[in-house]
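To start, the structure under review is shown below, and the notes come after it.
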Amino acid sequence: MMNPVIKSQENQWHTGRINDLAANLNTNPIEGIRQEEARTRLNNTGLNLLTPEKKEPFWKEYLGELREPMVLMLLVTGALYAIWGELSDAITIFVIILTLNTVEVVNEQRSKKAIASLRKLAEPITSVRRDGHFLEIPVEQIVPGDLILLQDGHRVPADARLVEAYGLSVDESALTGESQPVEKSTGAAAGPDSPLAERHNMVYSSTLVTRGKGTALVVATGLNTEIGRIAGMARQVREPRTPLQQMINELSKV
């Protein structure tokens with residue numbers, strides 16, 4: 001169950017004053033949250049991970065591809081050739097079908113691995129300030145309200161609003177496509193509808209700090225981050241059938 005206080009300003013964290021944001025997150029922008037509170041929030045929000053898509057066995061995906069109308073028609077044709085004694089033709093048909101089916105399944109699995117690779121953008125350990133002390137903790141244990149330390153050469157572990165920034169630049173190309181690092185500051189953004197590339201008081205999960213340092217209050221973790229939403233949408237996308245595939249299916253049915 002999500003914390004209702006933390007949920008109320010979703011996607012609007014770049015607006016308003018940092019003190020109001022800290023009050024909304026029920027945290028301290030200088031000392032961070034307490035360890036006991038962090039454990040409670042971790043139980044409510046879950047681990048700071050991009051949950052991997054459930055992987056289907058190779059054989060199950062393979063059988064799914066064999067259910068295509070044209071493939072079924074060719075399998076029946078091969079079986080008829082075998083019954084009629086044309087074994088060489090039957091074997092040729094079966095070998096072609098099995099080979100093409102294998103290539104199709106392998107390509108689908110490669111695309112799923114590309115989505116799963118988004119998880120590798122995060123670092124295993126990060127620095128947070130709790131009870132007024134900086135600690136090294138696993139990235140998956142970060143919760144909304146944590147005060148994180150941003151350092152040159154390290155990836156941002158979660159979406160966060162800047163509290164301090166000293167010559168801070170972040171490479172956000174994974175999110176915005178912007179090839180040049182973005183200069184960051186602690187001021188409020190121009191408006192609630194500002195695009196990600198213009199939210200200079202925010203840092204986002206999996207982006208890379210290229211220069212400077214700073215601190216920031218975590219506002220979103222896991223699949224609630226911007227990179228998490230991208231991963232979620234990518235899982236839901238299904239490649240549409242081409243006109244040729246549709247025509248082949250209609251032909252095979254006839």
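Residue numbering restarts at 1 for every chain of the structure tokens, chains are lettered A, B, ... in their displayed order, and ligands are numbered from 1 as they appear.
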Margin query: Just list as a PyMOL selection string whatever in range 137-199 of chain A DSSP marks as alpha helix (DSSP H).
Written below: chain A and resi 173-176
Next item on the list: Write out as a list in words which residues come within 10 Å of Glu140 in chain A when counting only C-alpha atoms, dropping same-chain ones fewer than 5 positions away.
Entry: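 Residues near the query, excluding close chain neighbours: Leu42, Gly46, Leu47, Asn48, Leu49, Leu50, Ala122, Glu123, Pro124, Ile125, Thr126, Pro157, Ala158, Thr221 and Gly222 of chain A.
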Note to self: Could you go through range 1-246 of chain A and tell me which residues DSSP, when run on the backbone, assigns to strand (DSSP E or B), listing them as an NGL selection string?
What the structure shows: :A and (125-130 or 133-138 or 147-151 or 155 or 159-171 or 182-183 or 202-203 or 208-220)
Saved selection, atoms kept: N, CA and C atoms, as a tab-separated table (two decimals), in the first residue's frame:
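Output (part-v1.tsv):
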chain	number	residue	atom	x	y	z
A	125	ILE	N	25.14	0.23	-4.47
A	125	ILE	CA	25.25	0.91	-3.18
A	125	ILE	C	25.13	2.42	-3.39
A	126	THR	N	24.52	3.10	-2.41
A	126	THR	CA	24.42	4.55	-2.49
A	126	THR	C	24.51	5.14	-1.08
A	127	SER	N	24.71	6.46	-1.00
A	127	SER	CA	24.82	7.15	0.29
A	127	SER	C	23.53	7.90	0.59
A	128	VAL	N	22.99	7.70	1.79
A	128	VAL	CA	21.81	8.43	2.24
A	128	VAL	C	22.10	9.02	3.62
A	129	ARG	N	21.34	10.05	3.97
A	129	ARG	CA	21.48	10.65	5.30
A	129	ARG	C	20.23	10.31	6.11
A	130	ARG	N	20.44	9.55	7.18
A	130	ARG	CA	19.36	9.17	8.08
A	130	ARG	C	19.76	9.47	9.52
A	133	HIS	N	23.04	11.27	9.89
A	133	HIS	CA	24.31	10.64	9.56
A	133	HIS	C	24.23	10.01	8.17
A	134	PHE	N	25.31	10.17	7.39
A	134	PHE	CA	25.36	9.54	6.08
A	134	PHE	C	25.70	8.06	6.24
A	135	LEU	N	24.95	7.22	5.52
A	135	LEU	CA	25.13	5.78	5.57
A	135	LEU	C	25.25	5.23	4.16
A	136	GLU	N	25.96	4.11	4.01
A	136	GLU	CA	26.01	3.38	2.74
A	136	GLU	C	24.99	2.25	2.81
A	137	ILE	N	23.99	2.28	1.91
A	137	ILE	CA	22.95	1.25	1.93
A	137	ILE	C	22.74	0.72	0.51
A	138	PRO	N	22.18	-0.48	0.37
A	138	PRO	CA	21.83	-0.98	-0.97
A	138	PRO	C	20.81	-0.07	-1.63
A	147	LEU	N	17.19	11.34	2.11
A	147	LEU	CA	18.09	12.39	1.63
A	147	LEU	C	19.32	11.70	1.07
A	148	ILE	N	19.51	11.77	-0.25
A	148	ILE	CA	20.60	11.06	-0.90
A	148	ILE	C	21.75	12.01	-1.24
A	149	LEU	N	22.95	11.45	-1.30
A	149	LEU	CA	24.14	12.21	-1.66
A	149	LEU	C	24.46	11.94	-3.13
A	150	LEU	N	24.61	13.02	-3.90
A	150	LEU	CA	24.94	12.92	-5.32
A	150	LEU	C	26.41	13.25	-5.51
A	151	GLN	N	27.12	12.37	-6.23
A	151	GLN	CA	28.56	12.56	-6.42
A	151	GLN	C	28.94	12.35	-7.87
A	155	ARG	N	25.67	7.13	-10.50
A	155	ARG	CA	24.32	7.23	-11.03
A	155	ARG	C	23.34	7.62	-9.93
A	159	ASP	N	14.34	9.00	-8.34
A	159	ASP	CA	13.91	10.36	-8.68
A	159	ASP	C	13.93	11.21	-7.42
A	160	ALA	N	14.50	12.42	-7.51
A	160	ALA	CA	14.67	13.23	-6.30
A	160	ALA	C	14.67	14.71	-6.62
A	161	ARG	N	14.28	15.52	-5.63
A	161	ARG	CA	14.29	16.99	-5.73
A	161	ARG	C	15.54	17.51	-5.03
A	162	LEU	N	16.26	18.37	-5.72
A	162	LEU	CA	17.53	18.87	-5.19
A	162	LEU	C	17.34	19.76	-3.96
A	163	VAL	N	18.17	19.52	-2.96
A	163	VAL	CA	18.23	20.38	-1.78
A	163	VAL	C	19.48	21.26	-1.85
A	164	GLU	N	20.61	20.65	-2.27
A	164	GLU	CA	21.86	21.39	-2.46
A	164	GLU	C	22.46	20.96	-3.79
A	165	ALA	N	23.10	21.91	-4.46
A	165	ALA	CA	23.78	21.60	-5.72
A	165	ALA	C	25.00	22.50	-5.86
A	166	TYR	N	26.16	21.87	-6.04
A	166	TYR	CA	27.42	22.60	-6.17
A	166	TYR	C	28.07	22.20	-7.50
A	167	GLY	N	27.90	23.07	-8.53
A	167	GLY	CA	28.45	22.79	-9.84
A	167	GLY	C	27.95	21.47	-10.42
A	168	LEU	N	26.68	21.14	-10.15
A	168	LEU	CA	26.14	19.83	-10.49
A	168	LEU	C	25.66	19.77	-11.94
A	169	SER	N	26.12	18.72	-12.66
A	169	SER	CA	25.66	18.45	-14.02
A	169	SER	C	25.31	16.97	-14.11
A	170	VAL	N	24.24	16.67	-14.85
A	170	VAL	CA	23.76	15.29	-14.95
A	170	VAL	C	23.50	14.94	-16.41
A	171	ASP	N	23.95	13.75	-16.80
A	171	ASP	CA	23.68	13.22	-18.14
A	171	ASP	C	22.32	12.53	-18.11
A	182	VAL	N	23.15	18.23	-18.30
A	182	VAL	CA	22.26	19.31	-17.91
A	182	VAL	C	22.73	19.92	-16.59
A	183	GLU	N	22.86	21.25	-16.57
A	183	GLU	CA	23.22	21.94	-15.34
A	183	GLU	C	22.03	21.94	-14.39
A	202	MET	N	15.42	18.84	-10.44
A	202	MET	CA	15.15	17.42	-10.25
A	202	MET	C	16.29	16.58	-10.82
A	203	VAL	N	16.51	15.42	-10.21
A	203	VAL	CA	17.40	14.41	-10.78
A	203	VAL	C	16.61	13.12	-10.86
A	208	LEU	N	23.29	9.87	-14.92
A	208	LEU	CA	24.66	9.88	-14.43
A	208	LEU	C	25.13	11.28	-14.07
A	209	VAL	N	25.65	11.42	-12.85
A	209	VAL	CA	26.23	12.70	-12.42
A	209	VAL	C	27.60	12.84	-13.08
A	210	THR	N	27.75	13.84	-13.92
A	210	THR	CA	29.00	14.02	-14.66
A	210	THR	C	29.95	15.04	-13.99
A	211	ARG	N	29.39	15.90	-13.14
A	211	ARG	CA	30.24	16.91	-12.50
A	211	ARG	C	29.54	17.42	-11.25
A	212	GLY	N	30.34	17.79	-10.24
A	212	GLY	CA	29.80	18.42	-9.05
A	212	GLY	C	29.25	17.43	-8.04
A	213	LYS	N	28.53	17.98	-7.07
A	213	LYS	CA	27.92	17.16	-6.03
A	213	LYS	C	26.69	17.88	-5.49
A	214	GLY	N	25.93	17.17	-4.64
A	214	GLY	CA	24.74	17.77	-4.07
A	214	GLY	C	23.99	16.77	-3.22
A	215	THR	N	22.86	17.22	-2.67
A	215	THR	CA	21.96	16.35	-1.93
A	215	THR	C	20.55	16.54	-2.49
A	216	ALA	N	19.71	15.52	-2.32
A	216	ALA	CA	18.36	15.59	-2.88
A	216	ALA	C	17.42	14.71	-2.09
A	217	LEU	N	16.15	15.11	-2.03
A	217	LEU	CA	15.12	14.34	-1.35
A	217	LEU	C	14.45	13.40	-2.35
A	218	VAL	N	14.43	12.13	-2.04
A	218	VAL	CA	13.82	11.13	-2.92
A	218	VAL	C	12.30	11.31	-2.93
A	219	VAL	N	11.72	11.34	-4.13
A	219	VAL	CA	10.28	11.51	-4.27
A	219	VAL	C	9.62	10.29	-4.91
A	220	ALA	N	10.38	9.45	-5.59
A	220	ALA	CA	9.81	8.27	-6.23
A	220	ALA	C	10.87	7.19	-6.37
Item checked: Polymer residues at most 12 Å from Leu100 in chain A, only C-alpha atoms, same-chain spacing of 6 or more positions, as a list in words ->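 What passes the distance filter is Tyr62, Glu65, Leu66, Val71, Ile93, Phe94, Val106 and Asn107 of chain A.
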Take the residues from that selection and write them out as an mmCIF file, in the first residue's frame, keeping N, CA and C atoms.
data_model
loop_
_atom_site.group_PDB
_atom_site.id
_atom_site.type_symbol
_atom_site.label_atom_id
_atom_site.label_comp_id
_atom_site.auth_asym_id
_atom_site.auth_seq_id
_atom_site.Cartn_x
_atom_site.Cartn_y
_atom_site.Cartn_z
ATOM 1 N N TYR A 62 7.853 -21.182 -27.893
ATOM 2 C CA TYR A 62 8.018 -21.913 -29.160
ATOM 3 C C TYR A 62 6.684 -22.494 -29.612
ATOM 4 N N GLU A 65 4.331 -19.849 -31.039
ATOM 5 C CA GLU A 65 4.589 -19.487 -32.433
ATOM 6 C C GLU A 65 4.064 -20.544 -33.401
ATOM 7 N N LEU A 66 4.037 -21.793 -32.963
ATOM 8 C CA LEU A 66 3.554 -22.875 -33.829
ATOM 9 C C LEU A 66 2.052 -22.820 -34.055
ATOM 10 N N VAL A 71 1.651 -21.471 -40.159
ATOM 11 C CA VAL A 71 2.520 -22.542 -39.669
ATOM 12 C C VAL A 71 1.728 -23.834 -39.524
ATOM 13 N N ILE A 93 9.880 -29.465 -45.377
ATOM 14 C CA ILE A 93 8.895 -28.547 -44.798
ATOM 15 C C ILE A 93 9.094 -28.423 -43.293
ATOM 16 N N PHE A 94 9.259 -29.551 -42.596
ATOM 17 C CA PHE A 94 9.411 -29.522 -41.145
ATOM 18 C C PHE A 94 10.687 -28.789 -40.724
ATOM 19 N N VAL A 106 13.902 -16.626 -30.697
ATOM 20 C CA VAL A 106 15.179 -16.065 -30.231
ATOM 21 C C VAL A 106 15.168 -14.542 -30.337
ATOM 22 N N ASN A 107 14.630 -14.000 -31.426
ATOM 23 C CA ASN A 107 14.554 -12.546 -31.593
ATOM 24 C C ASN A 107 13.660 -11.909 -30.535
#
Checklist line | Neighbour list for Ser173 in chain A as a list in words, cut-off 12 Å, only C-alpha atoms, skip fewer than 2 positions in-chain | finding: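 Non-adjacent residues within range: Val170, Asp171, Leu175, Thr176, Gly177, Glu178, Ser179, Gln180, Pro181, Val182, Leu196, Ala197, Tyr204, Ser205, Ser206, Thr207, Leu208, Val209, Thr210 and Ile227 of chain A.
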